[in-house]
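Dropping data.cif in here (mmCIF, N, CA and C atoms):
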data_data
loop_
_atom_site.label_atom_id
_atom_site.label_comp_id
_atom_site.auth_asym_id
_atom_site.auth_seq_id
_atom_site.Cartn_x
_atom_site.Cartn_y
_atom_site.Cartn_z
N MET A 22 14.03 -56.04 46.21
CA MET A 22 12.82 -56.84 46.12
C MET A 22 12.32 -56.86 44.68
N ALA A 23 12.02 -58.01 44.17
CA ALA A 23 11.53 -58.14 42.80
C ALA A 23 10.05 -57.75 42.75
N ASP A 24 9.61 -57.33 41.58
CA ASP A 24 8.20 -56.98 41.43
C ASP A 24 7.49 -58.01 40.57
N ALA A 25 6.23 -57.77 40.30
CA ALA A 25 5.40 -58.75 39.58
C ALA A 25 5.83 -58.93 38.13
N SER A 26 6.66 -58.01 37.60
CA SER A 26 7.08 -58.14 36.20
C SER A 26 8.07 -59.28 36.00
N THR A 27 8.71 -59.77 37.09
CA THR A 27 9.67 -60.87 36.96
C THR A 27 8.99 -62.23 37.00
N VAL A 28 7.66 -62.24 37.10
CA VAL A 28 6.91 -63.49 37.18
C VAL A 28 6.75 -64.11 35.80
N THR A 29 7.00 -65.41 35.71
CA THR A 29 6.82 -66.15 34.45
C THR A 29 5.71 -67.16 34.63
N ILE A 30 4.79 -67.19 33.68
CA ILE A 30 3.68 -68.15 33.73
C ILE A 30 3.83 -69.11 32.55
N ARG A 31 3.84 -70.41 32.87
CA ARG A 31 3.87 -71.44 31.83
C ARG A 31 2.60 -72.27 31.96
N THR A 32 2.07 -72.70 30.82
CA THR A 32 0.89 -73.56 30.86
C THR A 32 1.29 -74.97 30.43
N ARG A 33 0.72 -75.94 31.12
CA ARG A 33 0.92 -77.35 30.78
C ARG A 33 -0.45 -78.00 30.68
N LYS A 34 -0.51 -79.12 30.01
CA LYS A 34 -1.75 -79.90 29.90
C LYS A 34 -2.93 -79.02 29.46
N PHE A 35 -2.69 -78.18 28.48
CA PHE A 35 -3.73 -77.29 27.97
C PHE A 35 -4.78 -78.12 27.23
N MET A 36 -6.05 -77.78 27.48
CA MET A 36 -7.13 -78.50 26.84
C MET A 36 -8.29 -77.56 26.58
N THR A 37 -8.88 -77.65 25.40
CA THR A 37 -10.09 -76.88 25.10
C THR A 37 -11.28 -77.80 25.36
N ASN A 38 -12.13 -77.40 26.27
CA ASN A 38 -13.29 -78.19 26.65
C ASN A 38 -14.53 -77.54 26.04
N ARG A 39 -14.93 -78.00 24.87
CA ARG A 39 -16.08 -77.44 24.16
C ARG A 39 -17.38 -77.66 24.92
N LEU A 40 -17.49 -78.79 25.59
CA LEU A 40 -18.72 -79.13 26.28
C LEU A 40 -19.02 -78.13 27.41
N LEU A 41 -17.97 -77.71 28.13
CA LEU A 41 -18.13 -76.75 29.22
C LEU A 41 -17.77 -75.33 28.80
N GLN A 42 -17.52 -75.13 27.52
CA GLN A 42 -17.25 -73.81 26.94
C GLN A 42 -16.09 -73.10 27.64
N ARG A 43 -14.96 -73.82 27.76
CA ARG A 43 -13.81 -73.22 28.44
C ARG A 43 -12.51 -73.84 27.97
N LYS A 44 -11.42 -73.15 28.32
CA LYS A 44 -10.08 -73.69 28.16
C LYS A 44 -9.59 -74.00 29.57
N GLN A 45 -8.95 -75.13 29.74
CA GLN A 45 -8.46 -75.49 31.07
C GLN A 45 -7.00 -75.91 30.97
N MET A 46 -6.24 -75.59 32.01
CA MET A 46 -4.81 -75.83 31.96
C MET A 46 -4.21 -75.89 33.36
N VAL A 47 -3.04 -76.51 33.44
CA VAL A 47 -2.24 -76.50 34.65
C VAL A 47 -1.24 -75.35 34.48
N LEU A 48 -1.09 -74.55 35.51
CA LEU A 48 -0.18 -73.40 35.47
C LEU A 48 1.07 -73.69 36.28
N GLU A 49 2.20 -73.26 35.76
CA GLU A 49 3.46 -73.28 36.48
C GLU A 49 3.91 -71.83 36.57
N ILE A 50 3.99 -71.30 37.76
CA ILE A 50 4.35 -69.90 37.94
C ILE A 50 5.72 -69.85 38.61
N ILE A 51 6.66 -69.17 37.95
CA ILE A 51 8.00 -69.01 38.50
C ILE A 51 8.10 -67.57 39.00
N HIS A 52 8.34 -67.43 40.30
CA HIS A 52 8.37 -66.10 40.92
C HIS A 52 9.59 -65.99 41.84
N PRO A 53 10.78 -65.80 41.29
CA PRO A 53 11.97 -65.67 42.13
C PRO A 53 11.92 -64.41 42.98
N ASN A 54 12.39 -64.51 44.20
CA ASN A 54 12.45 -63.39 45.15
C ASN A 54 11.08 -62.84 45.54
N LEU A 55 10.02 -63.57 45.24
CA LEU A 55 8.68 -63.20 45.68
C LEU A 55 8.10 -64.36 46.46
N PRO A 56 7.42 -64.09 47.58
CA PRO A 56 6.85 -65.20 48.35
C PRO A 56 5.74 -65.91 47.58
N ASN A 57 4.93 -65.16 46.86
CA ASN A 57 3.86 -65.75 46.08
C ASN A 57 3.31 -64.69 45.13
N VAL A 58 2.41 -65.08 44.24
CA VAL A 58 1.79 -64.16 43.30
C VAL A 58 0.29 -64.16 43.56
N SER A 59 -0.31 -62.98 43.57
CA SER A 59 -1.75 -62.91 43.86
C SER A 59 -2.55 -63.46 42.69
N ARG A 60 -3.73 -64.00 43.00
CA ARG A 60 -4.59 -64.55 41.96
C ARG A 60 -5.04 -63.46 40.99
N ALA A 61 -5.20 -62.23 41.48
CA ALA A 61 -5.60 -61.12 40.61
C ALA A 61 -4.54 -60.87 39.54
N ASP A 62 -3.26 -60.91 39.93
CA ASP A 62 -2.18 -60.73 38.96
C ASP A 62 -2.17 -61.86 37.94
N VAL A 63 -2.40 -63.08 38.41
CA VAL A 63 -2.43 -64.23 37.52
C VAL A 63 -3.58 -64.09 36.53
N ARG A 64 -4.74 -63.63 37.01
CA ARG A 64 -5.90 -63.43 36.13
C ARG A 64 -5.60 -62.43 35.03
N GLU A 65 -4.97 -61.31 35.40
CA GLU A 65 -4.64 -60.28 34.41
C GLU A 65 -3.67 -60.81 33.37
N LYS A 66 -2.61 -61.48 33.82
CA LYS A 66 -1.60 -61.99 32.89
C LYS A 66 -2.18 -63.05 31.96
N LEU A 67 -3.01 -63.96 32.49
CA LEU A 67 -3.62 -64.98 31.65
C LEU A 67 -4.62 -64.37 30.68
N GLY A 68 -5.34 -63.34 31.12
CA GLY A 68 -6.27 -62.65 30.23
C GLY A 68 -5.57 -62.05 29.03
N LYS A 69 -4.42 -61.43 29.27
CA LYS A 69 -3.64 -60.86 28.17
C LYS A 69 -3.06 -61.97 27.28
N LEU A 70 -2.58 -63.03 27.92
CA LEU A 70 -1.93 -64.12 27.19
C LEU A 70 -2.90 -64.82 26.25
N PHE A 71 -4.15 -65.04 26.70
CA PHE A 71 -5.13 -65.75 25.90
C PHE A 71 -6.18 -64.84 25.27
N LYS A 72 -5.91 -63.53 25.26
CA LYS A 72 -6.79 -62.53 24.65
C LYS A 72 -8.23 -62.67 25.14
N SER A 73 -8.38 -62.63 26.45
CA SER A 73 -9.67 -62.79 27.09
C SER A 73 -9.82 -61.74 28.19
N GLU A 74 -11.06 -61.50 28.62
CA GLU A 74 -11.28 -60.60 29.75
C GLU A 74 -10.83 -61.28 31.04
N SER A 75 -10.33 -60.52 31.98
CA SER A 75 -9.87 -61.12 33.23
C SER A 75 -11.03 -61.65 34.08
N ASP A 76 -12.27 -61.17 33.81
CA ASP A 76 -13.44 -61.68 34.54
C ASP A 76 -13.74 -63.14 34.20
N LEU A 77 -13.30 -63.59 33.04
CA LEU A 77 -13.59 -64.95 32.59
C LEU A 77 -12.50 -65.95 32.97
N VAL A 78 -11.46 -65.46 33.67
CA VAL A 78 -10.33 -66.31 34.07
C VAL A 78 -10.48 -66.70 35.53
N PHE A 79 -10.37 -68.00 35.82
CA PHE A 79 -10.53 -68.51 37.19
C PHE A 79 -9.33 -69.36 37.59
N PRO A 80 -8.30 -68.74 38.19
CA PRO A 80 -7.17 -69.54 38.69
C PRO A 80 -7.47 -70.02 40.11
N PHE A 81 -7.05 -71.24 40.43
CA PHE A 81 -7.30 -71.79 41.77
C PHE A 81 -6.36 -72.95 42.04
N GLY A 82 -6.32 -73.38 43.29
CA GLY A 82 -5.58 -74.58 43.68
C GLY A 82 -4.07 -74.43 43.64
N PHE A 83 -3.55 -73.29 44.02
CA PHE A 83 -2.10 -73.08 43.94
C PHE A 83 -1.38 -73.69 45.13
N ARG A 84 -0.26 -74.30 44.86
CA ARG A 84 0.64 -74.85 45.87
C ARG A 84 2.02 -74.30 45.59
N THR A 85 2.62 -73.68 46.59
CA THR A 85 3.97 -73.17 46.45
C THR A 85 4.96 -74.27 46.80
N GLN A 86 5.94 -74.45 45.95
CA GLN A 86 6.93 -75.49 46.16
C GLN A 86 7.79 -75.15 47.38
N PHE A 87 8.23 -76.19 48.09
CA PHE A 87 9.05 -75.96 49.27
C PHE A 87 10.31 -75.21 48.87
N GLY A 88 10.63 -74.15 49.61
CA GLY A 88 11.77 -73.31 49.25
C GLY A 88 11.35 -72.08 48.48
N GLY A 89 10.13 -72.06 47.97
CA GLY A 89 9.59 -70.89 47.29
C GLY A 89 10.10 -70.75 45.87
N GLY A 90 9.66 -69.70 45.21
CA GLY A 90 10.12 -69.39 43.87
C GLY A 90 9.33 -70.06 42.76
N ARG A 91 8.51 -71.03 43.09
CA ARG A 91 7.74 -71.74 42.06
C ARG A 91 6.41 -72.22 42.65
N SER A 92 5.33 -72.00 41.91
CA SER A 92 4.01 -72.45 42.32
C SER A 92 3.34 -73.16 41.16
N THR A 93 2.49 -74.12 41.49
CA THR A 93 1.69 -74.77 40.46
C THR A 93 0.23 -74.67 40.86
N GLY A 94 -0.62 -74.55 39.85
CA GLY A 94 -2.05 -74.45 40.11
C GLY A 94 -2.83 -74.79 38.86
N PHE A 95 -4.09 -74.41 38.86
CA PHE A 95 -4.99 -74.76 37.78
C PHE A 95 -5.72 -73.49 37.36
N ALA A 96 -6.09 -73.40 36.08
CA ALA A 96 -6.84 -72.22 35.61
C ALA A 96 -7.88 -72.65 34.59
N LEU A 97 -9.02 -71.95 34.63
CA LEU A 97 -10.09 -72.13 33.67
C LEU A 97 -10.37 -70.78 33.01
N ILE A 98 -10.49 -70.78 31.69
CA ILE A 98 -10.82 -69.56 30.97
C ILE A 98 -12.10 -69.84 30.18
N TYR A 99 -13.17 -69.19 30.57
CA TYR A 99 -14.47 -69.43 29.95
C TYR A 99 -14.64 -68.57 28.70
N ASP A 100 -15.51 -69.03 27.79
CA ASP A 100 -15.77 -68.31 26.55
C ASP A 100 -16.68 -67.11 26.77
N SER A 101 -17.63 -67.21 27.72
CA SER A 101 -18.57 -66.13 27.94
C SER A 101 -19.00 -66.10 29.41
N MET A 102 -19.61 -65.00 29.80
CA MET A 102 -20.09 -64.86 31.17
C MET A 102 -21.27 -65.81 31.44
N ASP A 103 -22.05 -66.12 30.41
CA ASP A 103 -23.15 -67.08 30.57
C ASP A 103 -22.61 -68.45 30.96
N ALA A 104 -21.50 -68.86 30.33
CA ALA A 104 -20.89 -70.15 30.65
C ALA A 104 -20.35 -70.15 32.07
N VAL A 105 -19.81 -69.02 32.49
CA VAL A 105 -19.29 -68.89 33.87
C VAL A 105 -20.43 -69.13 34.86
N LYS A 106 -21.53 -68.42 34.67
CA LYS A 106 -22.67 -68.53 35.60
C LYS A 106 -23.27 -69.94 35.59
N LYS A 107 -23.19 -70.61 34.44
CA LYS A 107 -23.81 -71.92 34.31
C LYS A 107 -22.96 -73.03 34.93
N PHE A 108 -21.63 -72.99 34.73
CA PHE A 108 -20.79 -74.12 35.08
C PHE A 108 -19.89 -73.92 36.31
N GLU A 109 -19.57 -72.70 36.65
CA GLU A 109 -18.61 -72.47 37.73
C GLU A 109 -19.30 -72.64 39.09
N PRO A 110 -18.62 -73.29 40.06
CA PRO A 110 -19.21 -73.47 41.39
C PRO A 110 -19.46 -72.13 42.08
N LYS A 111 -20.46 -72.11 42.93
CA LYS A 111 -20.90 -70.89 43.59
C LYS A 111 -19.77 -70.24 44.41
N TYR A 112 -18.97 -71.05 45.11
CA TYR A 112 -17.93 -70.48 45.97
C TYR A 112 -16.87 -69.73 45.17
N ARG A 113 -16.58 -70.19 43.95
CA ARG A 113 -15.61 -69.47 43.12
C ARG A 113 -16.20 -68.18 42.56
N LEU A 114 -17.51 -68.18 42.30
CA LEU A 114 -18.16 -66.95 41.86
C LEU A 114 -18.13 -65.92 42.98
N ILE A 115 -18.33 -66.37 44.22
CA ILE A 115 -18.30 -65.47 45.37
C ILE A 115 -16.90 -64.88 45.54
N ARG A 116 -15.86 -65.70 45.33
CA ARG A 116 -14.48 -65.22 45.45
C ARG A 116 -14.19 -64.07 44.49
N GLN A 117 -14.79 -64.10 43.30
CA GLN A 117 -14.55 -63.07 42.29
C GLN A 117 -15.65 -62.03 42.24
N ASN A 118 -16.47 -61.98 43.29
CA ASN A 118 -17.54 -60.99 43.44
C ASN A 118 -18.55 -61.04 42.29
N LEU A 119 -18.81 -62.23 41.76
CA LEU A 119 -19.83 -62.40 40.73
C LEU A 119 -21.13 -62.92 41.34
N ALA A 120 -21.09 -63.32 42.60
CA ALA A 120 -22.27 -63.76 43.33
C ALA A 120 -22.13 -63.31 44.78
N THR A 121 -23.24 -63.30 45.51
CA THR A 121 -23.18 -62.89 46.91
C THR A 121 -23.30 -64.11 47.82
N ALA A 122 -22.59 -64.06 48.92
CA ALA A 122 -22.63 -65.15 49.89
C ALA A 122 -23.93 -65.08 50.69
N VAL A 123 -24.35 -66.20 51.22
CA VAL A 123 -25.56 -66.26 52.04
C VAL A 123 -25.28 -65.55 53.36
N GLN A 124 -26.21 -64.66 53.75
CA GLN A 124 -26.04 -63.89 54.98
C GLN A 124 -26.54 -64.69 56.17
N GLY A 125 -25.99 -64.39 57.34
CA GLY A 125 -26.40 -65.06 58.56
C GLY A 125 -25.59 -66.32 58.79
N SER A 126 -25.52 -66.72 60.04
CA SER A 126 -24.74 -67.91 60.36
C SER A 126 -25.52 -69.17 60.02
N ARG A 127 -24.83 -70.27 59.98
CA ARG A 127 -25.47 -71.55 59.69
C ARG A 127 -26.52 -71.88 60.75
N LYS A 128 -26.19 -71.57 61.99
CA LYS A 128 -27.12 -71.86 63.09
C LYS A 128 -28.42 -71.07 62.92
N GLN A 129 -28.33 -69.80 62.55
CA GLN A 129 -29.52 -68.98 62.35
C GLN A 129 -30.40 -69.55 61.24
N ARG A 130 -29.78 -69.96 60.12
CA ARG A 130 -30.56 -70.51 59.01
C ARG A 130 -31.23 -71.82 59.42
N ARG A 131 -30.51 -72.64 60.17
CA ARG A 131 -31.05 -73.94 60.60
C ARG A 131 -32.22 -73.74 61.57
N ASP A 132 -32.06 -72.79 62.52
CA ASP A 132 -33.13 -72.52 63.48
C ASP A 132 -34.39 -72.01 62.77
N ALA A 133 -34.20 -71.13 61.80
CA ALA A 133 -35.36 -70.59 61.06
C ALA A 133 -36.05 -71.71 60.29
N LYS A 134 -35.29 -72.61 59.70
CA LYS A 134 -35.87 -73.74 58.98
C LYS A 134 -36.69 -74.62 59.92
N ASN A 135 -36.14 -74.90 61.09
CA ASN A 135 -36.84 -75.76 62.05
C ASN A 135 -38.09 -75.09 62.62
N ARG A 136 -38.07 -73.77 62.78
CA ARG A 136 -39.27 -73.05 63.22
C ARG A 136 -40.35 -73.11 62.15
N ARG A 137 -39.95 -73.01 60.88
CA ARG A 137 -40.92 -73.10 59.78
C ARG A 137 -41.55 -74.48 59.70
N LYS A 138 -40.81 -75.51 60.07
CA LYS A 138 -41.34 -76.88 60.00
C LYS A 138 -42.51 -77.07 60.97
N LYS A 139 -42.55 -76.30 62.06
CA LYS A 139 -43.61 -76.43 63.06
C LYS A 139 -44.90 -75.77 62.61
N LEU A 140 -44.83 -74.90 61.61
CA LEU A 140 -46.02 -74.21 61.12
C LEU A 140 -46.71 -75.04 60.06
N ARG A 141 -48.00 -74.75 59.84
CA ARG A 141 -48.76 -75.50 58.83
C ARG A 141 -49.34 -74.56 57.79
N GLY A 142 -49.46 -75.05 56.57
CA GLY A 142 -50.18 -74.35 55.51
C GLY A 142 -49.55 -73.04 55.09
N THR A 143 -50.40 -71.99 54.97
CA THR A 143 -49.93 -70.71 54.44
C THR A 143 -49.12 -69.93 55.46
N ALA A 144 -49.12 -70.34 56.70
CA ALA A 144 -48.35 -69.64 57.73
C ALA A 144 -46.86 -69.68 57.40
N LYS A 145 -46.40 -70.75 56.74
CA LYS A 145 -45.00 -70.85 56.35
C LYS A 145 -44.63 -69.75 55.37
N ASP A 146 -45.52 -69.49 54.41
CA ASP A 146 -45.26 -68.43 53.43
C ASP A 146 -45.19 -67.07 54.10
N LYS A 147 -46.07 -66.83 55.08
CA LYS A 147 -46.06 -65.56 55.80
C LYS A 147 -44.77 -65.40 56.57
N LYS A 148 -44.27 -66.48 57.14
CA LYS A 148 -43.01 -66.44 57.91
C LYS A 148 -41.84 -66.10 56.97
N LYS A 149 -41.83 -66.66 55.77
CA LYS A 149 -40.78 -66.38 54.80
C LYS A 149 -40.82 -64.91 54.39
N VAL A 150 -42.01 -64.39 54.14
CA VAL A 150 -42.16 -63.01 53.72
C VAL A 150 -41.68 -62.09 54.83
N LYS A 151 -42.02 -62.40 56.06
CA LYS A 151 -41.60 -61.59 57.21
C LYS A 151 -40.07 -61.61 57.33
N LYS A 152 -39.48 -62.79 57.10
CA LYS A 152 -38.03 -62.93 57.21
C LYS A 152 -37.31 -62.11 56.14
N GLN A 153 -37.88 -62.03 54.92
CA GLN A 153 -37.23 -61.31 53.83
C GLN A 153 -37.25 -59.81 54.05
N LYS A 154 -38.23 -59.29 54.79
CA LYS A 154 -38.32 -57.84 55.03
C LYS A 154 -37.29 -57.38 55.98
#

Will you turn the file into structure tokens for me?
Amino acid sequence: MADASTVTIRTRKFMTNRLLQRKQMVLEIIHPNLPNVSRADVREKLGKLFKSESDLVFPFGFRTQFGGGRSTGFALIYDSMDAVKKFEPKYRLIRQNLATAVQGSRKQRRDAKNRRKKLRGTAKDKKKVKKQK
């Protein structure tokens, strides 16, 4: 069985996006004898390759080619953590444990919202405070 050291990462369509304070690229990952490569491994390798912290690297959208051995995806490397918090979508921040997901089911949140709509004035604020405790 091959290990992660046999993985080759190539970048295509590299672009520096000054407006969004990031580098963006298409990744081609060659991984013979491996079913796939974890995003954490890709983050570490790209961080070393571009002399950046792995926290600022966001790989996503990988598709493994039929027959295996090769995957293509997309990666963003931000200049700073401030840029990450400002421009990166919430769901990707949650994936990398930089933000917390909303607790409770969708139905619970919707029911609470509809109950608050029936109240008037300052009672809504009291209901929110009670809910937060």

Which residues in stretch 34-149 of chain A does DSSP call helix (DSSP H, G or I)? List them as an MDAnalysis selection string.
chainID A and resid 60:70 75:77 102:108 111:116 127:138 144:149

May I have the selected residues written with N, CA and C atoms, as a CSV table (one decimal), keeping the file's coordinate frame?
chain,number,residue,atom,x,y,z
A,60,ARG,N,-3.7,-64.0,43.0
A,60,ARG,CA,-4.6,-64.6,42.0
A,60,ARG,C,-5.0,-63.5,41.0
A,61,ALA,N,-5.2,-62.2,41.5
A,61,ALA,CA,-5.6,-61.1,40.6
A,61,ALA,C,-4.5,-60.9,39.5
A,62,ASP,N,-3.3,-60.9,39.9
A,62,ASP,CA,-2.2,-60.7,39.0
A,62,ASP,C,-2.2,-61.9,37.9
A,63,VAL,N,-2.4,-63.1,38.4
A,63,VAL,CA,-2.4,-64.2,37.5
A,63,VAL,C,-3.6,-64.1,36.5
A,64,ARG,N,-4.7,-63.6,37.0
A,64,ARG,CA,-5.9,-63.4,36.1
A,64,ARG,C,-5.6,-62.4,35.0
A,65,GLU,N,-5.0,-61.3,35.4
A,65,GLU,CA,-4.6,-60.3,34.4
A,65,GLU,C,-3.7,-60.8,33.4
A,66,LYS,N,-2.6,-61.5,33.8
A,66,LYS,CA,-1.6,-62.0,32.9
A,66,LYS,C,-2.2,-63.0,32.0
A,67,LEU,N,-3.0,-64.0,32.5
A,67,LEU,CA,-3.6,-65.0,31.6
A,67,LEU,C,-4.6,-64.4,30.7
A,68,GLY,N,-5.3,-63.3,31.1
A,68,GLY,CA,-6.3,-62.6,30.2
A,68,GLY,C,-5.6,-62.0,29.0
A,69,LYS,N,-4.4,-61.4,29.3
A,69,LYS,CA,-3.6,-60.9,28.2
A,69,LYS,C,-3.1,-62.0,27.3
A,70,LEU,N,-2.6,-63.0,27.9
A,70,LEU,CA,-1.9,-64.1,27.2
A,70,LEU,C,-2.9,-64.8,26.2
A,75,SER,N,-10.3,-60.5,32.0
A,75,SER,CA,-9.9,-61.1,33.2
A,75,SER,C,-11.0,-61.6,34.1
A,76,ASP,N,-12.3,-61.2,33.8
A,76,ASP,CA,-13.4,-61.7,34.5
A,76,ASP,C,-13.7,-63.1,34.2
A,77,LEU,N,-13.3,-63.6,33.0
A,77,LEU,CA,-13.6,-65.0,32.6
A,77,LEU,C,-12.5,-66.0,33.0
A,102,MET,N,-19.6,-65.0,29.8
A,102,MET,CA,-20.1,-64.9,31.2
A,102,MET,C,-21.3,-65.8,31.4
A,103,ASP,N,-22.0,-66.1,30.4
A,103,ASP,CA,-23.2,-67.1,30.6
A,103,ASP,C,-22.6,-68.4,31.0
A,104,ALA,N,-21.5,-68.9,30.3
A,104,ALA,CA,-20.9,-70.2,30.6
A,104,ALA,C,-20.4,-70.2,32.1
A,105,VAL,N,-19.8,-69.0,32.5
A,105,VAL,CA,-19.3,-68.9,33.9
A,105,VAL,C,-20.4,-69.1,34.9
A,106,LYS,N,-21.5,-68.4,34.7
A,106,LYS,CA,-22.7,-68.5,35.6
A,106,LYS,C,-23.3,-69.9,35.6
A,107,LYS,N,-23.2,-70.6,34.4
A,107,LYS,CA,-23.8,-71.9,34.3
A,107,LYS,C,-23.0,-73.0,34.9
A,108,PHE,N,-21.6,-73.0,34.7
A,108,PHE,CA,-20.8,-74.1,35.1
A,108,PHE,C,-19.9,-73.9,36.3
A,111,LYS,N,-20.5,-72.1,42.9
A,111,LYS,CA,-20.9,-70.9,43.6
A,111,LYS,C,-19.8,-70.2,44.4
A,112,TYR,N,-19.0,-71.0,45.1
A,112,TYR,CA,-17.9,-70.5,46.0
A,112,TYR,C,-16.9,-69.7,45.2
A,113,ARG,N,-16.6,-70.2,44.0
A,113,ARG,CA,-15.6,-69.5,43.1
A,113,ARG,C,-16.2,-68.2,42.6
A,114,LEU,N,-17.5,-68.2,42.3
A,114,LEU,CA,-18.2,-67.0,41.9
A,114,LEU,C,-18.1,-65.9,43.0
A,115,ILE,N,-18.3,-66.4,44.2
A,115,ILE,CA,-18.3,-65.5,45.4
A,115,ILE,C,-16.9,-64.9,45.5
A,116,ARG,N,-15.9,-65.7,45.3
A,116,ARG,CA,-14.5,-65.2,45.4
A,116,ARG,C,-14.2,-64.1,44.5
A,127,ARG,N,-24.8,-70.3,60.0
A,127,ARG,CA,-25.5,-71.6,59.7
A,127,ARG,C,-26.5,-71.9,60.8
A,128,LYS,N,-26.2,-71.6,62.0
A,128,LYS,CA,-27.1,-71.9,63.1
A,128,LYS,C,-28.4,-71.1,62.9
A,129,GLN,N,-28.3,-69.8,62.6
A,129,GLN,CA,-29.5,-69.0,62.4
A,129,GLN,C,-30.4,-69.6,61.2
A,130,ARG,N,-29.8,-70.0,60.1
A,130,ARG,CA,-30.6,-70.5,59.0
A,130,ARG,C,-31.2,-71.8,59.4
A,131,ARG,N,-30.5,-72.6,60.2
A,131,ARG,CA,-31.0,-73.9,60.6
A,131,ARG,C,-32.2,-73.7,61.6
A,132,ASP,N,-32.1,-72.8,62.5
A,132,ASP,CA,-33.1,-72.5,63.5
A,132,ASP,C,-34.4,-72.0,62.8
A,133,ALA,N,-34.2,-71.1,61.8
A,133,ALA,CA,-35.4,-70.6,61.1
A,133,ALA,C,-36.0,-71.7,60.3
A,134,LYS,N,-35.3,-72.6,59.7
A,134,LYS,CA,-35.9,-73.7,59.0
A,134,LYS,C,-36.7,-74.6,59.9
A,135,ASN,N,-36.1,-74.9,61.1
A,135,ASN,CA,-36.8,-75.8,62.0
A,135,ASN,C,-38.1,-75.1,62.6
A,136,ARG,N,-38.1,-73.8,62.8
A,136,ARG,CA,-39.3,-73.0,63.2
A,136,ARG,C,-40.4,-73.1,62.2
A,137,ARG,N,-40.0,-73.0,60.9
A,137,ARG,CA,-40.9,-73.1,59.8
A,137,ARG,C,-41.6,-74.5,59.7
A,138,LYS,N,-40.8,-75.5,60.1
A,138,LYS,CA,-41.3,-76.9,60.0
A,138,LYS,C,-42.5,-77.1,61.0
A,144,ALA,N,-49.1,-70.3,56.7
A,144,ALA,CA,-48.4,-69.6,57.7
A,144,ALA,C,-46.9,-69.7,57.4
A,145,LYS,N,-46.4,-70.8,56.7
A,145,LYS,CA,-45.0,-70.8,56.4
A,145,LYS,C,-44.6,-69.8,55.4
A,146,ASP,N,-45.5,-69.5,54.4
A,146,ASP,CA,-45.3,-68.4,53.4
A,146,ASP,C,-45.2,-67.1,54.1
A,147,LYS,N,-46.1,-66.8,55.1
A,147,LYS,CA,-46.1,-65.6,55.8
A,147,LYS,C,-44.8,-65.4,56.6
A,148,LYS,N,-44.3,-66.5,57.1
A,148,LYS,CA,-43.0,-66.4,57.9
A,148,LYS,C,-41.8,-66.1,57.0
A,149,LYS,N,-41.8,-66.7,55.8
A,149,LYS,CA,-40.8,-66.4,54.8
A,149,LYS,C,-40.8,-64.9,54.4

Figure out the distance between atom N of A:Glu65 and atom CA of A:Ser26, please, to one decimal in Å.
12.5 Å

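Applied to this file, the PyMOL selection byres (((chain A and resi 29 and name CA) around 6) and name CA) selects A:Val28, A:Ile30, A:Ile50, A:Ile51.
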
Mind checking DSSP for stretch 23-138 of chain A and telling me the strand (DSSP E or B) residues as a VMD selection string?
chain A and resid 29 to 38 43 to 51 78 to 85 91 to 99

Closest pair table for stretch 24-54 of chain A residues within 12 Å of stretch 72-78 of chain A, only C-alpha atoms, as CSV:
residue,atom,partner,partner_atom,distance
A:Gln42,CA,A:Leu77,CA,11.1
A:Arg43,CA,A:Leu77,CA,9.3
A:Lys44,CA,A:Val78,CA,9.5
A:Gln45,CA,A:Val78,CA,9.8
A:Met46,CA,A:Val78,CA,11.2

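Going from atom N of A:Gly89 to atom N of A:Val58 covers 11.1 Å.
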